[in-house]
Amino acid sequence: MRPSRSFVVVLSLLVLLLVYIGMRLLPDLGLGLAGNSVGVLLLGLLGALVPVGLMSSSLRRRRWSDLLAWLGLLSMGLFSSLLVTTLLRDVVLLVLLPFGALTPVMAYASALAVPLAALAVTVVGYVNARRVARVVKVDVPIRDLPAELHGYAIAQISDIHVGPTIKRAYLNAIVNKVNKLGADAIAVTGDLVDGSVQRLAMHTEPLARLKANDGVFFVTGNHEYYSGALEWIAEVRRLGLTVLMNEHVVRRRGAASLVIAGVADYTAHHFHPEHKSDPQRAVRGAPSGVKVLLAHQPRSAPEAAMAGFDLQLSGHTHGGQFFPWNLFVPLQQPFVAGLNRVRDMWVYTSRGTGYWGPPKRFGAPSEITLVRLVPA
């Protein structure tokens with residue numbers, strides 16, 4: 001099978017960036033011929049493993065597939081930090097150049113600092129990614145909130161990405177922590193998986209243990225569509241979750257009504273035209289009352305606000321996952337993380353409960369969110 005054009009472009013860019021890193025660091029380290037040869041070999045190994053990480057969710061199940069996935073994804077994280085620290089070093093050296101401070105000692109020390117800093121960031125990021133997400137409590141002020149709904153709590157988990165490195169035990173720990181919160185409802189706002197039902201069904205089984213009096217709800221994320229959305233929708237329903245595909249349910253507390261609606265992912269229509277995300281359709285026929293929308297991507301917010309929702313719960317961004325990629329999130333999404341306002345509607349964007357790709361979180365801790373409705 002011939003590699004796709006996009007894969008060839010990515011591979012070519014990777015090679016160029018590794019050449020840049022090598023040319024900027026190796027000469028200043030003064031390692032000699034033998035040391036430079038080792039450095040080139042290590043960069044070559046990194047270049048060979050990064051594409052394995054990119055393809056990790058589609059690796060065939062073989063004896064060494066999990067090990068290869070781990071090595072590839074860890075290499076992706078290390079390469080990212082190595083590239084960023086090399087770029088930062090060049091910026092610093094460029095600033096120092098007019099002042100005559102660019103001495104051989106400075107060049108050597110800064111070149112040595114780059115791989116050490118990249119390795120340190122990768123290790124810290126790994127520890128942050130692999131520990132169970134912290135609980136973040138968020139109070140959302142709702143105007144004219146009925147007294148019966150004061151303190152109504154929704155536990156949100158998002159962007160877990162069960163797949164090459166996130167397995168059953170990781171998800172099981174999340175489920176245990178969510179159930180201890182005693183929320184009125186639980187929302188799973190997409191990107192649950194990276195891989196097929198056939199490969200990951202046993203690892204998503206802990207979801208069946210999620211418990212909340214008013215139900216456990218799920219909406220699709222873009223990664224469900226990369227992984228076979230129709231099969232995953234059926235599987236999630238089999239596990240007992242309520243899948244909201246441009247539809248809503250009503251939960252009552254005395255005379256007060258709470259509408260919980262959900263839309264398919266913002267890009268779902270590219271895969272299944274009938275799944276086109278539609279907040280207006282999701283709330284059609286709903287009674288008056290507080291309206292909450294579950295939508296994977298924050299960019300659903302303008303349509304949701306026009307549809308009359310009071311609150312939208314989203315994910316997708318991972319809060320950037322690790323610096324500096326959070327700086328690029330606003331190129332596509334209106335919000336990186338946290339509670340924000342769109343017209344008369346609140347939008348809460350979760351940093352995600354798992355991680356995508358490299359097991360690495362730096363400056364963007366994962367979270368299980370407990371959202372409480374409070375009077376404005």
# chains A, B, ... in the order shown; residues from 1 in each chain; ligands from 1

call {"tool": "residues_around", "arguments": {"residues": "Met76 (chain A)", "least_positions_apart": "3", "cutoff": "7 Å", "atoms": "only C-alpha atoms", "output": "short mmCIF file (atom, residue, chain, number, x, y, z; two decimals) with C-alpha atoms, in the first residue's frame"}}
result
data_model
loop_
_atom_site.label_atom_id
_atom_site.label_comp_id
_atom_site.auth_asym_id
_atom_site.auth_seq_id
_atom_site.Cartn_x
_atom_site.Cartn_y
_atom_site.Cartn_z
CA VAL A 50 7.60 9.37 15.82
CA GLY A 53 3.31 7.14 17.39
CA GLY A 72 6.25 5.93 19.41
CA LEU A 73 4.00 8.16 21.50
CA PHE A 79 10.40 15.39 19.85
CA SER A 80 7.87 18.14 20.49
CA PRO A 358 1.75 11.42 23.73
#

call {"tool": "residues_around", "arguments": {"residues": "region 212-215 of chain A", "least_positions_apart": "5", "cutoff": "12 Å", "atoms": "only C-alpha atoms", "output": "ChimeraX atom specification"}}
result
/A:152-156,175,178-188,240-244,249-253,258-260

call {"tool": "select_by_dssp", "arguments": {"residues": "region 126-227 of chain A", "states": "strand (DSSP E)", "output": "number ranges by chain"}}
result
A: 134-142, 153-157, 185-188, 216-218

call {"tool": "select_by_dssp", "arguments": {"residues": "region 20-253 of chain A", "states": "alpha helix (DSSP H)", "output": "CSV table (one decimal) with N, CA and C atoms, in the first residue's frame"}}
result
chain,number,residue,atom,x,y,z
A,20,TYR,N,17.4,20.2,11.4
A,20,TYR,CA,17.5,21.5,12.0
A,20,TYR,C,18.0,21.4,13.5
A,21,ILE,N,17.4,20.5,14.2
A,21,ILE,CA,17.8,20.3,15.6
A,21,ILE,C,19.2,19.8,15.7
A,22,GLY,N,19.6,18.8,14.9
A,22,GLY,CA,20.9,18.3,14.9
A,22,GLY,C,22.0,19.4,14.5
A,23,MET,N,21.7,20.2,13.5
A,23,MET,CA,22.6,21.2,13.1
A,23,MET,C,22.8,22.3,14.1
A,24,ARG,N,21.7,22.6,14.8
A,24,ARG,CA,21.8,23.7,15.8
A,24,ARG,C,22.5,23.2,17.1
A,25,LEU,N,22.4,21.9,17.5
A,25,LEU,CA,22.9,21.5,18.8
A,25,LEU,C,24.3,20.8,18.7
A,26,LEU,N,24.4,19.8,17.8
A,26,LEU,CA,25.6,19.0,17.8
A,26,LEU,C,26.9,19.8,17.6
A,27,PRO,N,27.0,20.7,16.7
A,27,PRO,CA,28.3,21.4,16.6
A,27,PRO,C,28.7,22.1,17.9
A,28,ASP,N,27.7,22.8,18.6
A,28,ASP,CA,28.0,23.5,19.8
A,28,ASP,C,28.3,22.6,21.0
A,29,LEU,N,27.9,21.3,20.9
A,29,LEU,CA,28.2,20.4,22.0
A,29,LEU,C,29.7,20.0,22.0
A,32,GLY,N,32.8,15.8,19.1
A,32,GLY,CA,33.8,15.0,18.3
A,32,GLY,C,33.0,14.1,17.3
A,33,LEU,N,33.8,13.4,16.5
A,33,LEU,CA,33.2,12.6,15.5
A,33,LEU,C,32.4,11.4,16.1
A,34,ALA,N,32.9,10.8,17.1
A,34,ALA,CA,32.1,9.7,17.7
A,34,ALA,C,30.9,10.2,18.4
A,35,GLY,N,31.0,11.2,19.1
A,35,GLY,CA,29.8,11.8,19.8
A,35,GLY,C,28.8,12.3,18.8
A,36,ASN,N,29.2,12.9,17.8
A,36,ASN,CA,28.2,13.4,16.8
A,36,ASN,C,27.5,12.2,16.1
A,37,SER,N,28.3,11.2,15.9
A,37,SER,CA,27.7,10.0,15.2
A,37,SER,C,26.6,9.4,16.1
A,38,VAL,N,26.9,9.3,17.4
A,38,VAL,CA,25.8,8.9,18.4
A,38,VAL,C,24.6,9.8,18.4
A,39,GLY,N,24.9,11.1,18.3
A,39,GLY,CA,23.8,12.1,18.3
A,39,GLY,C,22.9,11.9,17.1
A,40,VAL,N,23.6,11.7,15.9
A,40,VAL,CA,22.8,11.5,14.7
A,40,VAL,C,22.0,10.2,14.8
A,41,LEU,N,22.6,9.2,15.3
A,41,LEU,CA,21.8,7.9,15.5
A,41,LEU,C,20.6,8.1,16.4
A,42,LEU,N,20.8,8.8,17.5
A,42,LEU,CA,19.7,9.0,18.4
A,42,LEU,C,18.6,9.8,17.7
A,43,LEU,N,18.9,10.9,17.0
A,43,LEU,CA,17.9,11.7,16.3
A,43,LEU,C,17.3,10.8,15.2
A,44,GLY,N,18.0,9.9,14.6
A,44,GLY,CA,17.5,9.0,13.6
A,44,GLY,C,16.5,8.1,14.2
A,45,LEU,N,16.8,7.6,15.4
A,45,LEU,CA,15.9,6.7,16.1
A,45,LEU,C,14.6,7.4,16.5
A,46,LEU,N,14.8,8.6,16.9
A,46,LEU,CA,13.6,9.5,17.2
A,46,LEU,C,12.7,9.6,16.0
A,47,GLY,N,13.4,9.9,14.9
A,47,GLY,CA,12.6,10.1,13.6
A,47,GLY,C,11.9,8.8,13.1
A,48,ALA,N,12.5,7.7,13.5
A,48,ALA,CA,11.8,6.4,13.1
A,48,ALA,C,10.7,6.1,14.0
A,49,LEU,N,10.7,6.5,15.3
A,49,LEU,CA,9.7,6.2,16.2
A,49,LEU,C,8.5,7.1,16.2
A,50,VAL,N,8.7,8.4,15.8
A,50,VAL,CA,7.6,9.4,15.8
A,50,VAL,C,6.5,8.9,14.9
A,51,PRO,N,6.8,8.5,13.6
A,51,PRO,CA,5.7,8.0,12.8
A,51,PRO,C,4.9,6.8,13.3
A,52,VAL,N,5.6,6.0,14.1
A,52,VAL,CA,4.9,4.9,14.8
A,52,VAL,C,3.9,5.4,15.8
A,53,GLY,N,4.3,6.5,16.5
A,53,GLY,CA,3.3,7.1,17.4
A,53,GLY,C,2.1,7.7,16.7
A,54,LEU,N,2.4,8.3,15.5
A,54,LEU,CA,1.3,8.9,14.7
A,54,LEU,C,0.3,7.9,14.2
A,65,SER,N,2.8,-4.8,19.7
A,65,SER,CA,2.1,-3.6,19.2
A,65,SER,C,2.0,-2.5,20.3
A,66,ASP,N,1.7,-3.0,21.6
A,66,ASP,CA,1.5,-2.0,22.7
A,66,ASP,C,2.8,-1.4,23.0
A,67,LEU,N,3.9,-2.1,23.0
A,67,LEU,CA,5.2,-1.6,23.3
A,67,LEU,C,5.6,-0.6,22.3
A,68,LEU,N,5.4,-0.9,21.0
A,68,LEU,CA,5.7,0.0,19.9
A,68,LEU,C,4.9,1.3,20.0
A,69,ALA,N,3.6,1.2,20.4
A,69,ALA,CA,2.8,2.4,20.5
A,69,ALA,C,3.3,3.3,21.6
A,70,TRP,N,3.7,2.7,22.8
A,70,TRP,CA,4.2,3.4,23.9
A,70,TRP,C,5.5,4.2,23.4
A,71,LEU,N,6.4,3.4,22.8
A,71,LEU,CA,7.7,4.0,22.4
A,71,LEU,C,7.5,5.2,21.4
A,72,GLY,N,6.5,4.9,20.4
A,72,GLY,CA,6.2,5.9,19.4
A,72,GLY,C,5.6,7.2,20.0
A,73,LEU,N,4.7,7.0,20.9
A,73,LEU,CA,4.0,8.2,21.5
A,73,LEU,C,4.9,8.9,22.5
A,74,LEU,N,5.7,8.2,23.2
A,74,LEU,CA,6.7,8.9,24.1
A,74,LEU,C,7.7,9.7,23.2
A,75,SER,N,8.1,9.1,22.1
A,75,SER,CA,9.0,9.8,21.2
A,75,SER,C,8.4,11.1,20.6
A,76,MET,N,7.1,11.0,20.3
A,76,MET,CA,6.4,12.2,19.8
A,76,MET,C,6.4,13.3,20.8
A,77,GLY,N,6.2,13.0,22.1
A,77,GLY,CA,6.3,14.0,23.2
A,77,GLY,C,7.6,14.6,23.3
A,78,LEU,N,8.7,13.7,23.3
A,78,LEU,CA,10.0,14.1,23.4
A,78,LEU,C,10.5,15.0,22.2
A,79,PHE,N,10.1,14.6,21.0
A,79,PHE,CA,10.4,15.4,19.9
A,79,PHE,C,9.8,16.8,19.9
A,80,SER,N,8.5,16.9,20.4
A,80,SER,CA,7.9,18.1,20.5
A,80,SER,C,8.6,19.1,21.4
A,81,SER,N,9.0,18.6,22.6
A,81,SER,CA,9.7,19.4,23.5
A,81,SER,C,11.1,19.8,23.0
A,82,LEU,N,11.8,18.8,22.4
A,82,LEU,CA,13.1,19.1,21.8
A,82,LEU,C,13.1,20.2,20.8
A,83,LEU,N,12.0,20.1,19.9
A,83,LEU,CA,11.9,21.2,18.9
A,83,LEU,C,11.6,22.5,19.5
A,84,VAL,N,10.7,22.6,20.5
A,84,VAL,CA,10.4,23.9,21.1
A,84,VAL,C,11.6,24.4,21.9
A,85,THR,N,12.3,23.6,22.6
A,85,THR,CA,13.4,24.1,23.4
A,85,THR,C,14.6,24.6,22.4
A,86,THR,N,14.7,23.9,21.3
A,86,THR,CA,15.7,24.3,20.3
A,86,THR,C,15.4,25.7,19.7
A,87,LEU,N,14.1,25.8,19.4
A,87,LEU,CA,13.7,27.1,18.9
A,87,LEU,C,13.8,28.2,19.9
A,88,LEU,N,13.5,28.0,21.2
A,88,LEU,CA,13.6,29.0,22.2
A,88,LEU,C,15.1,29.3,22.4
A,89,ARG,N,16.0,28.3,22.4
A,89,ARG,CA,17.4,28.6,22.5
A,89,ARG,C,17.9,29.5,21.4
A,90,ASP,N,17.4,29.3,20.1
A,90,ASP,CA,17.8,30.1,19.0
A,90,ASP,C,17.4,31.6,19.2
A,91,VAL,N,16.2,31.7,19.8
A,91,VAL,CA,15.7,33.1,20.0
A,91,VAL,C,16.5,33.8,21.1
A,92,VAL,N,16.9,33.1,22.1
A,92,VAL,CA,17.7,33.6,23.2
A,92,VAL,C,19.1,34.0,22.6
A,93,LEU,N,19.7,33.1,21.8
A,93,LEU,CA,21.0,33.4,21.2
A,93,LEU,C,20.9,34.6,20.3
A,94,LEU,N,19.8,34.7,19.6
A,94,LEU,CA,19.7,35.8,18.6
A,94,LEU,C,19.6,37.2,19.4
A,95,VAL,N,18.9,37.1,20.6
A,95,VAL,CA,18.8,38.3,21.4
A,95,VAL,C,20.2,38.7,22.0
A,96,LEU,N,21.0,37.7,22.4
A,96,LEU,CA,22.3,38.0,23.0
A,96,LEU,C,23.3,38.4,22.0
A,104,PRO,N,31.6,31.0,23.4
A,104,PRO,CA,31.6,29.5,23.3
A,104,PRO,C,31.0,28.8,24.5
A,105,VAL,N,31.2,29.3,25.7
A,105,VAL,CA,30.7,28.7,26.9
A,105,VAL,C,29.2,28.8,26.9
A,106,MET,N,28.6,30.0,26.5
A,106,MET,CA,27.2,30.1,26.4
A,106,MET,C,26.6,29.2,25.4
A,107,ALA,N,27.2,29.1,24.2
A,107,ALA,CA,26.7,28.2,23.2
A,107,ALA,C,26.7,26.7,23.6
A,108,TYR,N,27.8,26.3,24.3
A,108,TYR,CA,27.8,24.9,24.8
A,108,TYR,C,26.8,24.7,25.9
A,109,ALA,N,26.7,25.6,26.9
A,109,ALA,CA,25.8,25.4,28.0
A,109,ALA,C,24.4,25.3,27.5
A,110,SER,N,24.0,26.2,26.6
A,110,SER,CA,22.6,26.3,26.1
A,110,SER,C,22.3,25.1,25.3
A,111,ALA,N,23.3,24.6,24.5
A,111,ALA,CA,23.1,23.4,23.7
A,111,ALA,C,22.9,22.2,24.6
A,112,LEU,N,23.6,22.1,25.7
A,112,LEU,CA,23.5,21.0,26.6
A,112,LEU,C,22.1,21.1,27.3
A,113,ALA,N,21.7,22.3,27.6
A,113,ALA,CA,20.4,22.5,28.4
A,113,ALA,C,19.2,22.0,27.6
A,114,VAL,N,19.3,22.1,26.2
A,114,VAL,CA,18.1,21.8,25.4
A,114,VAL,C,17.6,20.4,25.6
A,115,PRO,N,18.5,19.3,25.4
A,115,PRO,CA,18.0,18.0,25.6
A,115,PRO,C,17.6,17.7,27.0
A,116,LEU,N,18.3,18.3,28.0
A,116,LEU,CA,18.0,18.0,29.4
A,116,LEU,C,16.7,18.6,29.7
A,117,ALA,N,16.4,19.8,29.2
A,117,ALA,CA,15.1,20.4,29.5
A,117,ALA,C,14.0,19.7,28.8
A,118,ALA,N,14.2,19.2,27.6
A,118,ALA,CA,13.2,18.5,26.8
A,118,ALA,C,12.8,17.2,27.5
A,119,LEU,N,13.9,16.5,28.1
A,119,LEU,CA,13.7,15.3,28.8
A,119,LEU,C,12.9,15.5,30.1
A,120,ALA,N,13.3,16.6,30.8
A,120,ALA,CA,12.6,16.9,32.1
A,120,ALA,C,11.1,17.2,31.8
A,121,VAL,N,10.8,18.0,30.8
A,121,VAL,CA,9.4,18.3,30.5
A,121,VAL,C,8.6,17.1,30.1
A,122,THR,N,9.3,16.2,29.4
A,122,THR,CA,8.6,15.0,29.0
A,122,THR,C,8.3,14.1,30.2
A,123,VAL,N,9.2,14.0,31.1
A,123,VAL,CA,9.0,13.2,32.3
A,123,VAL,C,7.9,13.7,33.2
A,124,VAL,N,8.0,15.1,33.4
A,124,VAL,CA,7.0,15.7,34.2
A,124,VAL,C,5.6,15.6,33.6
A,125,GLY,N,5.6,15.8,32.2
A,125,GLY,CA,4.3,15.7,31.5
A,125,GLY,C,3.8,14.3,31.6
A,126,TYR,N,4.6,13.3,31.5
A,126,TYR,CA,4.2,11.9,31.6
A,126,TYR,C,3.5,11.6,33.0
A,127,VAL,N,4.2,12.1,34.1
A,127,VAL,CA,3.6,11.9,35.4
A,127,VAL,C,2.2,12.6,35.5
A,128,ASN,N,2.1,13.8,35.0
A,128,ASN,CA,0.9,14.5,35.0
A,128,ASN,C,-0.2,13.8,34.2
A,129,ALA,N,0.1,13.3,33.1
A,129,ALA,CA,-0.9,12.6,32.2
A,129,ALA,C,-1.4,11.3,32.8
A,130,ARG,N,-0.5,10.6,33.4
A,130,ARG,CA,-0.9,9.2,33.9
A,130,ARG,C,-1.6,9.2,35.2
A,168,ARG,N,-8.2,-0.2,30.2
A,168,ARG,CA,-9.3,-0.4,31.2
A,168,ARG,C,-9.0,0.1,32.6
A,169,ALA,N,-7.8,-0.1,33.1
A,169,ALA,CA,-7.5,0.3,34.5
A,169,ALA,C,-7.5,1.8,34.6
A,170,TYR,N,-7.0,2.5,33.6
A,170,TYR,CA,-7.1,4.0,33.6
A,170,TYR,C,-8.5,4.5,33.7
A,171,LEU,N,-9.4,3.9,32.8
A,171,LEU,CA,-10.8,4.4,32.8
A,171,LEU,C,-11.5,3.9,34.1
A,172,ASN,N,-11.1,2.8,34.6
A,172,ASN,CA,-11.8,2.3,35.8
A,172,ASN,C,-11.5,3.3,37.0
A,173,ALA,N,-10.3,3.8,37.1
A,173,ALA,CA,-10.0,4.8,38.1
A,173,ALA,C,-10.8,6.1,38.0
A,174,ILE,N,-11.0,6.5,36.7
A,174,ILE,CA,-11.8,7.7,36.5
A,174,ILE,C,-13.3,7.4,36.9
A,175,VAL,N,-13.8,6.3,36.5
A,175,VAL,CA,-15.2,5.9,36.9
A,175,VAL,C,-15.4,5.9,38.4
A,176,ASN,N,-14.5,5.3,39.1
A,176,ASN,CA,-14.5,5.3,40.6
A,176,ASN,C,-14.6,6.7,41.1
A,177,LYS,N,-13.8,7.6,40.6
A,177,LYS,CA,-13.7,9.0,41.1
A,177,LYS,C,-15.0,9.7,40.8
A,178,VAL,N,-15.5,9.5,39.6
A,178,VAL,CA,-16.7,10.2,39.2
A,178,VAL,C,-17.9,9.8,40.1
A,179,ASN,N,-18.0,8.5,40.3
A,179,ASN,CA,-19.1,8.0,41.1
A,179,ASN,C,-19.1,8.5,42.5
A,197,VAL,N,-14.3,-0.5,18.0
A,197,VAL,CA,-15.0,-1.3,19.0
A,197,VAL,C,-14.4,-2.6,19.2
A,198,GLN,N,-14.1,-3.3,18.1
A,198,GLN,CA,-13.5,-4.6,18.2
A,198,GLN,C,-12.2,-4.6,19.0
A,199,ARG,N,-11.4,-3.6,18.9
A,199,ARG,CA,-10.1,-3.5,19.6
A,199,ARG,C,-10.3,-3.0,21.1
A,200,LEU,N,-11.3,-2.1,21.3
A,200,LEU,CA,-11.3,-1.4,22.6
A,200,LEU,C,-12.5,-1.7,23.5
A,201,ALA,N,-13.4,-2.6,23.0
A,201,ALA,CA,-14.6,-2.8,23.8
A,201,ALA,C,-14.4,-3.2,25.3
A,202,MET,N,-13.4,-4.1,25.5
A,202,MET,CA,-13.1,-4.6,26.8
A,202,MET,C,-12.6,-3.5,27.7
A,203,HIS,N,-11.9,-2.5,27.1
A,203,HIS,CA,-11.3,-1.4,27.8
A,203,HIS,C,-12.3,-0.3,28.2
A,204,THR,N,-13.5,-0.2,27.4
A,204,THR,CA,-14.5,0.8,27.7
A,204,THR,C,-15.6,0.3,28.6
A,222,ASN,N,-15.0,14.2,17.6
A,222,ASN,CA,-14.5,14.0,16.2
A,222,ASN,C,-13.7,12.6,16.2
A,223,HIS,N,-13.1,12.2,17.3
A,223,HIS,CA,-12.4,10.9,17.3
A,223,HIS,C,-13.3,9.7,17.2
A,224,GLU,N,-14.5,9.8,17.6
A,224,GLU,CA,-15.5,8.7,17.4
A,224,GLU,C,-15.7,8.5,15.9
A,225,TYR,N,-15.7,9.6,15.2
A,225,TYR,CA,-15.9,9.5,13.7
A,225,TYR,C,-14.7,8.9,13.0
A,226,TYR,N,-13.5,9.1,13.6
A,226,TYR,CA,-12.3,8.5,13.0
A,226,TYR,C,-12.2,7.0,13.3
A,229,ALA,N,-18.0,5.7,14.1
A,229,ALA,CA,-19.0,6.3,15.0
A,229,ALA,C,-20.2,5.5,15.2
A,230,LEU,N,-20.7,4.9,14.2
A,230,LEU,CA,-22.0,4.1,14.3
A,230,LEU,C,-21.8,2.9,15.2
A,231,GLU,N,-20.7,2.3,15.1
A,231,GLU,CA,-20.4,1.1,16.0
A,231,GLU,C,-20.2,1.6,17.4
A,232,TRP,N,-19.6,2.7,17.6
A,232,TRP,CA,-19.4,3.2,19.0
A,232,TRP,C,-20.6,3.7,19.6
A,233,ILE,N,-21.5,4.3,18.8
A,233,ILE,CA,-22.8,4.8,19.4
A,233,ILE,C,-23.6,3.6,19.9
A,234,ALA,N,-23.6,2.5,19.1
A,234,ALA,CA,-24.3,1.3,19.5
A,234,ALA,C,-23.6,0.7,20.8
A,235,GLU,N,-22.3,0.7,20.8
A,235,GLU,CA,-21.6,0.1,22.0
A,235,GLU,C,-21.9,0.9,23.3
A,236,VAL,N,-21.8,2.3,23.1
A,236,VAL,CA,-22.1,3.1,24.3
A,236,VAL,C,-23.5,2.9,24.8
A,237,ARG,N,-24.4,2.8,23.9
A,237,ARG,CA,-25.8,2.5,24.3
A,237,ARG,C,-25.9,1.1,25.0
A,238,ARG,N,-25.2,0.2,24.5
A,238,ARG,CA,-25.2,-1.2,25.1
A,238,ARG,C,-24.6,-1.1,26.6

call {"tool": "residues_around", "arguments": {"residues": "Leu293 (chain A)", "least_positions_apart": "6", "cutoff": "6 Å", "atoms": "only C-alpha atoms", "output": "ChimeraX atom specification"}}
result
/A:261-262,312

call {"tool": "write_last_selection", "arguments": {"atoms": "C-alpha atoms", "output": "PDB file, in the first residue's frame"}}
result
ATOM      1  CA  ALA A 261     -29.607  18.222  25.211  1.00  0.00           C
ATOM      2  CA  GLY A 262     -26.761  16.946  23.089  1.00  0.00           C
ATOM      3  CA  GLN A 312     -22.893  24.503  27.093  1.00  0.00           C
TER       4      GLN A 312
END

call {"tool": "closest_residue", "arguments": {"among": "A:His316, A:Arg5, A:His269, A:Arg131", "to": "Pro298 (chain A)", "atoms": "only C-alpha atoms"}}
result
A:His316

call {"tool": "atom_distance", "arguments": {"atom1": "CA of Ala255 (chain A)", "atom2": "CA of Glu148 (chain A)"}}
result
7.9 Å

call {"tool": "closest_atom_pairs", "arguments": {"of": "region 260-309 of chain A", "to": "region 331-343 of chain A", "cutoff": "9 Å", "atoms": "only C-alpha atoms", "output": "tab-separated table"}}
result
residue	atom	partner	partner_atom	distance
A:Gln297	CA	A:Gln333	CA	7.7
A:Pro298	CA	A:Gln333	CA	6.3
A:Arg299	CA	A:Gln333	CA	5.6
A:Ala301	CA	A:Val342	CA	6.8
A:Pro302	CA	A:Val342	CA	6.7
A:Ala305	CA	A:Arg343	CA	6.6
A:Met306	CA	A:Arg343	CA	8.6

call {"tool": "write_last_selection", "arguments": {"atoms": "C-alpha atoms", "output": "PDB file, in the first residue's frame"}}
result
ATOM      1  CA  GLN A 297     -16.403  21.399  20.456  1.00  0.00           C
ATOM      2  CA  PRO A 298     -16.649  24.905  21.957  1.00  0.00           C
ATOM      3  CA  ARG A 299     -17.265  26.362  18.496  1.00  0.00           C
ATOM      4  CA  ALA A 301     -21.481  27.888  21.166  1.00  0.00           C
ATOM      5  CA  PRO A 302     -22.783  30.680  18.862  1.00  0.00           C
ATOM      6  CA  ALA A 305     -26.690  30.626  22.293  1.00  0.00           C
ATOM      7  CA  MET A 306     -29.098  31.451  19.467  1.00  0.00           C
TER       8      MET A 306
END

call {"tool": "residues_around", "arguments": {"residues": "region 270-283 of chain A", "least_positions_apart": "6", "cutoff": "6 Å", "atoms": "only C-alpha atoms", "output": "ChimeraX atom specification"}}
result
/A:246-248,261,263-264,304,307

call {"tool": "write_last_selection", "arguments": {"atoms": "N, CA and C atoms", "output": "short mmCIF file (atom, residue, chain, number, x, y, z; two decimals), in the first residue's frame"}}
result
data_model
loop_
_atom_site.label_atom_id
_atom_site.label_comp_id
_atom_site.auth_asym_id
_atom_site.auth_seq_id
_atom_site.Cartn_x
_atom_site.Cartn_y
_atom_site.Cartn_z
N ASN A 246 -28.46 15.22 18.63
CA ASN A 246 -29.34 16.33 18.27
C ASN A 246 -30.73 16.14 18.88
N GLU A 247 -30.75 15.79 20.16
CA GLU A 247 -32.01 15.55 20.87
C GLU A 247 -31.83 15.90 22.34
N HIS A 248 -32.93 15.79 23.09
CA HIS A 248 -32.87 16.19 24.50
C HIS A 248 -33.70 15.27 25.37
N ALA A 261 -29.63 18.52 26.64
CA ALA A 261 -29.61 18.22 25.21
C ALA A 261 -28.19 17.90 24.77
N VAL A 263 -25.62 17.40 21.03
CA VAL A 263 -25.46 17.43 19.57
C VAL A 263 -24.29 16.54 19.17
N ALA A 264 -24.35 16.07 17.93
CA ALA A 264 -23.21 15.35 17.37
C ALA A 264 -22.04 16.31 17.20
N ALA A 304 -25.61 27.49 19.72
CA ALA A 304 -26.30 27.09 20.95
C ALA A 304 -26.90 28.30 21.65
N ALA A 307 -30.01 29.28 20.07
CA ALA A 307 -31.08 28.31 20.33
C ALA A 307 -31.66 28.45 21.73
#

call {"tool": "atom_distance", "arguments": {"atom1": "CA of Ala101 (chain A)", "atom2": "CA of Leu31 (chain A)"}}
result
22.5 Å

call {"tool": "atom_distance", "arguments": {"atom1": "CA of Phe322 (chain A)", "atom2": "CA of Arg361 (chain A)"}}
result
5.1 Å
